[in-house]
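Heads up: the structure comes next, in structure tokens.
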Amino acid sequence: MKEADVHGRAEEALRSCLGEVPFLTIESLRPAPAGEEGGEPDFIAELGDAGERSRLVVEAKANGQPHFARSAAQQLRRYLGDEEYGVLIAPYVSERSASILSEEGIGFVDLAGNCHLCFNRLYVRREGRENPFSESRELKSLLPRRPAACFARF
């Protein structure tokens, strides 16, 4: 899946995760103001919660594997201000990636329907949904292919 596809589905995924919380409303979800390349998050979400406001800083990535999750967590930490919460949106976030994000204090929402968000007084966790985006790839050898050799004893 391409990053542009994840961006296109990010709002739907976030609304799906937070839509089950009866006292919470997503007041706005907008692209971050344009800055220098790589210097701004992808989205800013403003949430309303019984008179309180929360702000989510969202980064959408095409891959949620542990290496990419760790990198996204570090990137989000650079963007976060006081009273803001970082969220990674990816096609699928594995248990290992979820653990890495949790250790960093970053939440996630994946396009499979899993999520983990913990900020202010809110805790939302949905897990156990399988990865619908898994791809099976042919294994390739790092060594060049050589013709088979024939040996015979006379």
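Chain labels follow the order of the structure tokens: the first chain is A, the next B, and so on; residue numbering restarts at 1 in every chain, and ligands are counted from 1 in their shown order.
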
10 Å contact set for range 61-68 of chain A, only C-alpha atoms, chain neighbours under 5 positions out, as a PDB file with C-alpha atoms, in the first residue's frame:
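What follows is the written file result_11.pdb:
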```pdb
ATOM      1  CA  MET A   1       0.000   0.000   0.000  1.00  0.00           C
ATOM      2  CA  LYS A   2       1.264   3.452  -0.850  1.00  0.00           C
ATOM      3  CA  GLU A   3       1.515   6.285   1.653  1.00  0.00           C
ATOM      4  CA  ALA A   4      -0.983   8.363  -0.357  1.00  0.00           C
ATOM      5  CA  ASP A   5      -3.534   5.537   0.062  1.00  0.00           C
ATOM      6  CA  VAL A   6      -2.983   5.546   3.834  1.00  0.00           C
ATOM      7  CA  HIS A   7      -3.401   9.345   3.891  1.00  0.00           C
ATOM      8  CA  ALA A  10      -6.564   8.044   7.691  1.00  0.00           C
ATOM      9  CA  ASP A  42       0.562  14.779   8.314  1.00  0.00           C
ATOM     10  CA  ALA A  73       7.571   7.479  17.055  1.00  0.00           C
ATOM     11  CA  GLN A  74      10.790   9.497  17.037  1.00  0.00           C
ATOM     12  CA  LEU A  88       0.656   6.648  13.960  1.00  0.00           C
ATOM     13  CA  ILE A  89      -1.744   5.491  11.257  1.00  0.00           C
ATOM     14  CA  ALA A  90      -0.529   2.578   9.121  1.00  0.00           C
ATOM     15  CA  PRO A  91      -2.081  -0.259   7.109  1.00  0.00           C
ATOM     16  CA  TYR A  92      -1.297  -2.755   9.889  1.00  0.00           C
ATOM     17  CA  VAL A  93       0.522  -2.477  13.231  1.00  0.00           C
ATOM     18  CA  SER A  94       1.872  -5.759  14.623  1.00  0.00           C
ATOM     19  CA  GLU A  95       2.049  -6.615  18.336  1.00  0.00           C
ATOM     20  CA  ARG A  96       5.772  -5.793  18.356  1.00  0.00           C
ATOM     21  CA  SER A  97       5.200  -2.421  16.700  1.00  0.00           C
ATOM     22  CA  ALA A  98       2.338  -1.692  19.113  1.00  0.00           C
ATOM     23  CA  SER A  99       4.681  -2.433  22.023  1.00  0.00           C
ATOM     24  CA  ILE A 100       7.347  -0.069  20.640  1.00  0.00           C
ATOM     25  CA  LEU A 101       4.791   2.712  20.185  1.00  0.00           C
ATOM     26  CA  PHE A 108      -1.779   3.968  16.783  1.00  0.00           C
ATOM     27  CA  ASP A 110      -4.355   0.757  11.685  1.00  0.00           C
TER      28      ASP A 110
END
```

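Reported to one decimal place, the separation of CA of Arg121 in chain A from CA of Ser16 in chain A is 19.0 Å.
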
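Comparing the minimum interatomic distances between Ala32 in chain A and each of A:Glu104, A:Asp82, A:Glu127, A:Glu59, counting only C-alpha atoms, we find that A:Glu59 sits nearest.
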
Note to self: Run DSSP on the backbone and tell me which residues of range 13-128 of chain A come out as alpha helix (DSSP H); list them as a PyMOL selection string.
What the structure shows: chain A and resi 13-18+66-79+95-103

Would you mind exporting the chosen residues as a compact mmCIF listing (two decimals), in the first residue's frame, restricted to N, CA and C atoms?
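Result saved to result_16.txt:
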```txt
# COMPACT_ATOMS: atom_id res chain seq x y z
N ALA A 13 -10.21 5.82 9.31
CA ALA A 13 -9.69 4.93 10.34
C ALA A 13 -9.77 5.56 11.73
N LEU A 14 -9.41 6.83 11.82
CA LEU A 14 -9.46 7.53 13.11
C LEU A 14 -10.91 7.67 13.58
N ARG A 15 -11.81 8.02 12.67
CA ARG A 15 -13.23 8.13 13.04
C ARG A 15 -13.79 6.78 13.49
N SER A 16 -13.37 5.72 12.84
CA SER A 16 -13.82 4.38 13.20
C SER A 16 -13.39 4.02 14.63
N CYS A 17 -12.16 4.35 14.96
CA CYS A 17 -11.64 4.03 16.29
C CYS A 17 -12.30 4.89 17.37
N LEU A 18 -12.38 6.18 17.13
CA LEU A 18 -12.91 7.10 18.14
C LEU A 18 -14.43 7.20 18.13
N PRO A 66 8.07 -2.88 12.81
CA PRO A 66 8.79 -2.30 13.95
C PRO A 66 9.80 -1.21 13.61
N HIS A 67 10.61 -1.40 12.60
CA HIS A 67 11.60 -0.39 12.22
C HIS A 67 10.93 0.94 11.88
N PHE A 68 9.86 0.87 11.10
CA PHE A 68 9.14 2.07 10.68
C PHE A 68 8.35 2.67 11.84
N ALA A 69 7.82 1.83 12.73
CA ALA A 69 7.10 2.32 13.91
C ALA A 69 8.04 3.10 14.82
N ARG A 70 9.23 2.57 15.02
CA ARG A 70 10.23 3.26 15.87
C ARG A 70 10.59 4.62 15.26
N SER A 71 10.80 4.64 13.97
CA SER A 71 11.14 5.88 13.27
C SER A 71 9.99 6.89 13.36
N ALA A 72 8.75 6.42 13.16
CA ALA A 72 7.59 7.31 13.24
C ALA A 72 7.41 7.85 14.65
N ALA A 73 7.68 7.02 15.67
CA ALA A 73 7.57 7.48 17.06
C ALA A 73 8.56 8.60 17.32
N GLN A 74 9.79 8.45 16.85
CA GLN A 74 10.79 9.50 17.04
C GLN A 74 10.38 10.77 16.30
N GLN A 75 9.85 10.60 15.10
CA GLN A 75 9.41 11.74 14.32
C GLN A 75 8.26 12.46 15.04
N LEU A 76 7.30 11.72 15.54
CA LEU A 76 6.17 12.31 16.25
C LEU A 76 6.62 13.03 17.52
N ARG A 77 7.59 12.46 18.23
CA ARG A 77 8.08 13.10 19.46
C ARG A 77 8.65 14.49 19.16
N ARG A 78 9.25 14.66 17.99
CA ARG A 78 9.79 15.97 17.62
C ARG A 78 8.67 16.99 17.37
N TYR A 79 7.51 16.52 16.90
CA TYR A 79 6.41 17.40 16.58
C TYR A 79 5.58 17.81 17.80
N GLU A 95 1.92 -6.68 16.88
CA GLU A 95 2.05 -6.62 18.34
C GLU A 95 3.38 -5.99 18.74
N ARG A 96 4.45 -6.35 18.04
CA ARG A 96 5.77 -5.79 18.36
C ARG A 96 5.80 -4.29 18.10
N SER A 97 5.25 -3.85 17.00
CA SER A 97 5.20 -2.42 16.70
C SER A 97 4.34 -1.69 17.73
N ALA A 98 3.22 -2.29 18.11
CA ALA A 98 2.34 -1.69 19.11
C ALA A 98 3.08 -1.52 20.43
N SER A 99 3.89 -2.50 20.79
CA SER A 99 4.68 -2.43 22.02
C SER A 99 5.70 -1.29 21.96
N ILE A 100 6.37 -1.15 20.84
CA ILE A 100 7.35 -0.07 20.64
C ILE A 100 6.66 1.29 20.78
N LEU A 101 5.51 1.44 20.13
CA LEU A 101 4.79 2.71 20.19
C LEU A 101 4.31 3.01 21.60
N SER A 102 3.82 2.00 22.28
CA SER A 102 3.35 2.17 23.66
C SER A 102 4.48 2.62 24.58
N GLU A 103 5.66 2.01 24.42
CA GLU A 103 6.83 2.39 25.23
C GLU A 103 7.20 3.85 24.99
```

Item checked: Shell of 7 Å around Val57 in chain A, only C-alpha atoms, local chain residues under 6 positions omitted, as an MDAnalysis selection string -> chainID A and resid 41 43:45 80 84:87

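Taking CA of Glu20 in chain A and CA of Gly8 in chain A as endpoints, the distance between them is 21.1 Å.
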
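Every protein, DNA or RNA residue with an atom at most 10 Å from Asn120 in chain A, where only C-alpha atoms count and chain neighbours fewer than 2 positions away do not, is listed here: A:Asp49, A:Glu52, A:Arg53, A:Ser54, A:Glu83, A:Glu84, A:Tyr85, A:Leu117, A:Cys118, A:Leu122, A:Tyr123.
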
Written selection (C-alpha atoms) as a CSV table (one decimal), in the first residue's frame:
```csv
chain,number,residue,atom,x,y,z
A,49,ASP,CA,-14.6,15.9,25.3
A,52,GLU,CA,-12.2,19.8,27.3
A,53,ARG,CA,-10.2,19.8,24.1
A,54,SER,CA,-7.5,17.4,23.0
A,83,GLU,CA,-0.8,18.6,25.9
A,84,GLU,CA,-0.6,16.9,22.5
A,85,TYR,CA,-0.7,13.2,21.8
A,117,LEU,CA,-5.0,5.4,22.2
A,118,CYS,CA,-4.3,6.5,25.7
A,122,LEU,CA,-9.4,8.3,27.4
A,123,TYR,CA,-8.3,4.7,26.8
```

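Picture a line from CA of Glu27 in chain A to CA of Glu40 in chain A; it runs 20.4 Å.
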
Next item on the list: Using backbone DSSP assignments, extract all strand (DSSP E) residues from range 11-106 of chain A; output them as number ranges by chain.
Entry: A: 24-31, 43-49, 52-60, 84-90
